[in-house]
Amino acid sequence: MHESFAKLLSELKRKYELLMEMAPQTVDTVPALTPKGGVYLFTENGKHLYAGRTKRNIGKRLKDHVGTAKDCPFAWRLAKEATGKKATYKKAGSRADLLADPSFLTTYEAAKLRIRKMEVRYVAEEDPLRQALLEIYVAVVSKAAHNDFDTH
């Protein structure tokens with residue numbers, strides 16, 4: 001393995017340990033002042049569900065997961081799983097089409113409420129390369145159920 005890549009990898013375990021040592025918060029209890037850039041992990045009933053990353057203020061990004069936007073990725077995953085529906089790039093089955101379905105919209109909004117109650121931990125990491133690797137590391141080691149790293 002190339003030494004520059006090995007150096008990046010060598011830092012991942014400690015960052016993961018820092019993340020897991022953090023006292024869990026919720027989206028509503030995360031302090032206003034959080035690091036700019038980092039990796040976060042949503043957990044529910046002791047099961048790790050979703051790892052994400054951001055270059056922005058972590059607290060603001062976490063609030064985006066439960067906001068009014070029609071594009072909250074983790075909530076989409078939970079709603080699709082609960083309804084068995086998948087978004088497509090065609091008009092029928094598009095995100096707009098799914099949101100026009102009252103039962104899907106209700107499930108999507110319920111998913112955001114569910115996320116709001118989940119535990120969340122985070123760790124600062126500003127460097128985009130280390131951040132990307134750390135997100136993968138956290139998702140794999142924690143066995144986060146809703147990270148697949150597939151392209152869309």
# chains A, B, ... in the order shown; residues from 1 in each chain; ligands from 1
>>> residues_around(residues="Ala124 in chain A", least_positions_apart="3", cutoff="9 Å", atoms="only C-alpha atoms", output="count of residues only")
11
>>> select_by_dssp(residues="range 10-152 of chain A", states="helix (DSSP H, G or I)", output="ChimeraX atom specification")
/A:10,12-21,58-64,73-83,95-100,102-117,128-142
>>> residues_around(residues="His146 in chain A", least_positions_apart="5", cutoff="9 Å", atoms="only C-alpha atoms", output="list in words")
His48, Leu49, Tyr50, Ala51, Phe74, Arg77, Leu78 and Ala139 of chain A
>>> write_last_selection(atoms="N, CA and C atoms", output="tab-separated table (two decimals), in the first residue's frame")
chain	number	residue	atom	x	y	z
A	48	HIS	N	-26.98	1.23	14.90
A	48	HIS	CA	-26.47	2.31	14.06
A	48	HIS	C	-27.14	2.22	12.69
A	49	LEU	N	-27.69	3.35	12.25
A	49	LEU	CA	-28.50	3.32	11.03
A	49	LEU	C	-27.89	4.07	9.85
A	50	TYR	N	-27.26	5.22	10.10
A	50	TYR	CA	-26.83	6.02	8.95
A	50	TYR	C	-25.64	6.90	9.32
A	51	ALA	N	-24.58	6.80	8.56
A	51	ALA	CA	-23.43	7.68	8.69
A	51	ALA	C	-23.44	8.66	7.53
A	74	PHE	N	-31.76	10.65	4.22
A	74	PHE	CA	-31.98	9.56	5.16
A	74	PHE	C	-33.48	9.31	5.34
A	77	ARG	N	-34.72	7.33	2.46
A	77	ARG	CA	-34.38	5.90	2.59
A	77	ARG	C	-35.37	5.19	3.51
A	78	LEU	N	-35.66	5.81	4.66
A	78	LEU	CA	-36.58	5.20	5.61
A	78	LEU	C	-37.99	5.09	5.03
A	139	ALA	N	-19.37	3.89	8.62
A	139	ALA	CA	-20.50	3.09	8.12
A	139	ALA	C	-20.19	1.59	8.19
>>> residues_around(residues="Asp97 in chain A", least_positions_apart="6", cutoff="12 Å", atoms="only C-alpha atoms", output="tab-separated table (two decimals) with N, CA, C and O atoms, in the first residue's frame")
chain	number	residue	atom	x	y	z
A	70	LYS	N	-37.77	18.89	0.58
A	70	LYS	CA	-38.30	17.65	0.00
A	70	LYS	C	-37.18	16.69	-0.39
A	70	LYS	O	-37.39	15.74	-1.09
A	85	LYS	N	-41.63	1.56	-1.92
A	85	LYS	CA	-41.60	2.34	-3.16
A	85	LYS	C	-40.20	2.87	-3.40
A	85	LYS	O	-39.45	3.13	-2.47
A	86	LYS	N	-39.87	3.03	-4.68
A	86	LYS	CA	-38.57	3.56	-5.06
A	86	LYS	C	-38.77	4.74	-5.99
A	86	LYS	O	-39.63	4.71	-6.86
A	87	ALA	N	-37.94	5.75	-5.81
A	87	ALA	CA	-37.98	6.89	-6.71
A	87	ALA	C	-37.33	6.49	-8.03
A	87	ALA	O	-36.38	5.71	-8.06
A	88	THR	N	-37.86	7.03	-9.12
A	88	THR	CA	-37.30	6.77	-10.44
A	88	THR	C	-37.00	8.11	-11.12
A	88	THR	O	-37.35	9.17	-10.60
A	89	TYR	N	-36.39	8.03	-12.27
A	89	TYR	CA	-36.13	9.25	-13.04
A	89	TYR	C	-37.25	9.51	-14.04
A	89	TYR	O	-37.19	10.47	-14.80
A	90	LYS	N	-38.26	8.67	-14.06
A	90	LYS	CA	-39.43	8.88	-14.91
A	90	LYS	C	-40.45	9.69	-14.14
A	90	LYS	O	-40.43	9.72	-12.91
A	91	LYS	N	-41.39	10.31	-14.87
A	91	LYS	CA	-42.41	11.12	-14.19
A	91	LYS	C	-43.19	10.27	-13.19
A	91	LYS	O	-43.37	10.67	-12.04
A	103	SER	N	-50.05	8.85	1.15
A	103	SER	CA	-49.53	7.83	2.07
A	103	SER	C	-48.00	7.88	2.11
A	103	SER	O	-47.39	7.71	3.17
A	104	PHE	N	-47.35	8.11	0.97
A	104	PHE	CA	-45.90	8.22	0.96
A	104	PHE	C	-45.47	9.48	1.71
A	104	PHE	O	-44.53	9.44	2.52
A	105	LEU	N	-46.14	10.59	1.44
A	105	LEU	CA	-45.79	11.85	2.10
A	105	LEU	C	-45.91	11.72	3.62
A	105	LEU	O	-45.04	12.18	4.36
>>> atom_distance(atom1="CA of Glu44 in chain A", atom2="CA of Asp150 in chain A")
23.0 Å
>>> atom_distance(atom1="CA of Gly46 in chain A", atom2="CA of Glu21 in chain A")
14.2 Å
>>> closest_residue(among="A:Pro73, A:Thr43, A:Ala82, A:Tyr108", to="Met20 in chain A", atoms="only C-alpha atoms")
A:Thr43
>>> residues_around(residues="Phe5 in chain A", least_positions_apart="5", cutoff="12 Å", atoms="only C-alpha atoms", output="PyMOL selection string")
chain A and resi 10-12+129-130+133
>>> write_last_selection(atoms="N, CA and C atoms", output="PDB file, in the first residue's frame")
ATOM      1  N   SER A  10      -4.458   5.295   8.731  1.00  0.00           N
ATOM      2  CA  SER A  10      -4.016   5.125  10.113  1.00  0.00           C
ATOM      3  C   SER A  10      -4.764   6.046  11.080  1.00  0.00           C
ATOM      4  N   GLU A  11      -5.321   7.130  10.593  1.00  0.00           N
ATOM      5  CA  GLU A  11      -6.009   8.092  11.441  1.00  0.00           C
ATOM      6  C   GLU A  11      -7.479   7.750  11.657  1.00  0.00           C
ATOM      7  N   LEU A  12      -8.024   6.840  10.884  1.00  0.00           N
ATOM      8  CA  LEU A  12      -9.460   6.575  10.918  1.00  0.00           C
ATOM      9  C   LEU A  12      -9.931   5.961  12.230  1.00  0.00           C
ATOM     10  N   LEU A 129     -10.828  14.535   1.790  1.00  0.00           N
ATOM     11  CA  LEU A 129     -10.379  13.170   1.524  1.00  0.00           C
ATOM     12  C   LEU A 129     -10.476  12.313   2.788  1.00  0.00           C
ATOM     13  N   ARG A 130      -9.951  12.822   3.898  1.00  0.00           N
ATOM     14  CA  ARG A 130     -10.054  12.077   5.154  1.00  0.00           C
ATOM     15  C   ARG A 130     -11.518  11.922   5.573  1.00  0.00           C
ATOM     16  N   LEU A 133     -13.154   9.068   3.540  1.00  0.00           N
ATOM     17  CA  LEU A 133     -12.698   7.771   4.046  1.00  0.00           C
ATOM     18  C   LEU A 133     -13.290   7.478   5.424  1.00  0.00           C
TER      19      LEU A 133
END
>>> closest_residue(among="A:Lys7, A:Arg114, A:Lys13, A:Arg95", to="Asp71 in chain A", atoms="only C-alpha atoms")
A:Arg95
>>> closest_residue(among="A:Val141, A:Tyr122, A:Asn45, A:Asp101", to="Arg61 in chain A", atoms="only C-alpha atoms")
A:Tyr122
>>> residues_around(residues="Arg116 in chain A", least_positions_apart="4", cutoff="10 Å", atoms="only C-alpha atoms", output="number ranges by chain")
A: 26-29, 42, 62-63, 65-67, 110-112, 120
>>> decode(residues="range 108-126 of chain A", atoms="N, CA, C and O atoms", output="PDB file, in the first residue's frame")
ATOM      1  N   TYR A 108     -42.958   9.710   4.784  1.00  0.00           N
ATOM      2  CA  TYR A 108     -41.749  10.524   4.675  1.00  0.00           C
ATOM      3  C   TYR A 108     -41.654  11.507   5.851  1.00  0.00           C
ATOM      4  O   TYR A 108     -40.604  11.631   6.484  1.00  0.00           O
ATOM      5  N   GLU A 109     -42.760  12.180   6.150  1.00  0.00           N
ATOM      6  CA  GLU A 109     -42.773  13.123   7.271  1.00  0.00           C
ATOM      7  C   GLU A 109     -42.579  12.393   8.596  1.00  0.00           C
ATOM      8  O   GLU A 109     -41.903  12.895   9.491  1.00  0.00           O
ATOM      9  N   ALA A 110     -43.146  11.201   8.722  1.00  0.00           N
ATOM     10  CA  ALA A 110     -42.960  10.396   9.940  1.00  0.00           C
ATOM     11  C   ALA A 110     -41.496   9.980  10.085  1.00  0.00           C
ATOM     12  O   ALA A 110     -40.971   9.914  11.208  1.00  0.00           O
ATOM     13  N   ALA A 111     -40.839   9.711   8.972  1.00  0.00           N
ATOM     14  CA  ALA A 111     -39.422   9.342   9.006  1.00  0.00           C
ATOM     15  C   ALA A 111     -38.593  10.504   9.550  1.00  0.00           C
ATOM     16  O   ALA A 111     -37.658  10.292  10.335  1.00  0.00           O
ATOM     17  N   LYS A 112     -38.930  11.723   9.163  1.00  0.00           N
ATOM     18  CA  LYS A 112     -38.199  12.883   9.677  1.00  0.00           C
ATOM     19  C   LYS A 112     -38.423  13.042  11.185  1.00  0.00           C
ATOM     20  O   LYS A 112     -37.482  13.364  11.916  1.00  0.00           O
ATOM     21  N   LEU A 113     -39.620  12.784  11.649  1.00  0.00           N
ATOM     22  CA  LEU A 113     -39.885  12.830  13.092  1.00  0.00           C
ATOM     23  C   LEU A 113     -39.102  11.734  13.818  1.00  0.00           C
ATOM     24  O   LEU A 113     -38.577  11.947  14.910  1.00  0.00           O
ATOM     25  N   ARG A 114     -39.034  10.570  13.193  1.00  0.00           N
ATOM     26  CA  ARG A 114     -38.269   9.453  13.765  1.00  0.00           C
ATOM     27  C   ARG A 114     -36.792   9.828  13.886  1.00  0.00           C
ATOM     28  O   ARG A 114     -36.161   9.593  14.921  1.00  0.00           O
ATOM     29  N   ILE A 115     -36.231  10.423  12.843  1.00  0.00           N
ATOM     30  CA  ILE A 115     -34.824  10.841  12.845  1.00  0.00           C
ATOM     31  C   ILE A 115     -34.582  11.877  13.944  1.00  0.00           C
ATOM     32  O   ILE A 115     -33.552  11.840  14.621  1.00  0.00           O
ATOM     33  N   ARG A 116     -35.518  12.770  14.128  1.00  0.00           N
ATOM     34  CA  ARG A 116     -35.392  13.817  15.146  1.00  0.00           C
ATOM     35  C   ARG A 116     -35.179  13.220  16.542  1.00  0.00           C
ATOM     36  O   ARG A 116     -34.505  13.800  17.385  1.00  0.00           O
ATOM     37  N   LYS A 117     -35.743  12.039  16.788  1.00  0.00           N
ATOM     38  CA  LYS A 117     -35.650  11.386  18.100  1.00  0.00           C
ATOM     39  C   LYS A 117     -34.412  10.497  18.243  1.00  0.00           C
ATOM     40  O   LYS A 117     -34.092  10.051  19.340  1.00  0.00           O
ATOM     41  N   MET A 118     -33.734  10.206  17.141  1.00  0.00           N
ATOM     42  CA  MET A 118     -32.575   9.312  17.181  1.00  0.00           C
ATOM     43  C   MET A 118     -31.392   9.966  17.885  1.00  0.00           C
ATOM     44  O   MET A 118     -31.268  11.182  17.922  1.00  0.00           O
ATOM     45  N   GLU A 119     -30.524   9.110  18.412  1.00  0.00           N
ATOM     46  CA  GLU A 119     -29.251   9.592  18.935  1.00  0.00           C
ATOM     47  C   GLU A 119     -28.361   9.939  17.749  1.00  0.00           C
ATOM     48  O   GLU A 119     -28.422   9.281  16.701  1.00  0.00           O
ATOM     49  N   VAL A 120     -27.538  10.943  17.938  1.00  0.00           N
ATOM     50  CA  VAL A 120     -26.565  11.297  16.906  1.00  0.00           C
ATOM     51  C   VAL A 120     -25.252  11.678  17.587  1.00  0.00           C
ATOM     52  O   VAL A 120     -25.243  12.282  18.654  1.00  0.00           O
ATOM     53  N   ARG A 121     -24.191  11.225  16.977  1.00  0.00           N
ATOM     54  CA  ARG A 121     -22.837  11.564  17.407  1.00  0.00           C
ATOM     55  C   ARG A 121     -22.113  12.137  16.193  1.00  0.00           C
ATOM     56  O   ARG A 121     -22.457  11.803  15.059  1.00  0.00           O
ATOM     57  N   TYR A 122     -21.081  12.924  16.456  1.00  0.00           N
ATOM     58  CA  TYR A 122     -20.316  13.481  15.344  1.00  0.00           C
ATOM     59  C   TYR A 122     -18.880  13.721  15.759  1.00  0.00           C
ATOM     60  O   TYR A 122     -18.563  13.772  16.946  1.00  0.00           O
ATOM     61  N   VAL A 123     -18.040  13.836  14.765  1.00  0.00           N
ATOM     62  CA  VAL A 123     -16.631  14.138  14.991  1.00  0.00           C
ATOM     63  C   VAL A 123     -16.179  15.083  13.879  1.00  0.00           C
ATOM     64  O   VAL A 123     -16.601  14.943  12.727  1.00  0.00           O
ATOM     65  N   ALA A 124     -15.361  16.039  14.244  1.00  0.00           N
ATOM     66  CA  ALA A 124     -14.862  17.017  13.273  1.00  0.00           C
ATOM     67  C   ALA A 124     -13.855  16.379  12.329  1.00  0.00           C
ATOM     68  O   ALA A 124     -13.032  15.560  12.741  1.00  0.00           O
ATOM     69  N   GLU A 125     -13.956  16.751  11.064  1.00  0.00           N
ATOM     70  CA  GLU A 125     -12.955  16.388  10.056  1.00  0.00           C
ATOM     71  C   GLU A 125     -13.165  17.307   8.864  1.00  0.00           C
ATOM     72  O   GLU A 125     -14.127  17.155   8.123  1.00  0.00           O
ATOM     73  N   GLU A 126     -12.281  18.263   8.706  1.00  0.00           N
ATOM     74  CA  GLU A 126     -12.437  19.245   7.631  1.00  0.00           C
ATOM     75  C   GLU A 126     -11.893  18.768   6.291  1.00  0.00           C
ATOM     76  O   GLU A 126     -12.426  19.135   5.248  1.00  0.00           O
TER      77      GLU A 126
END
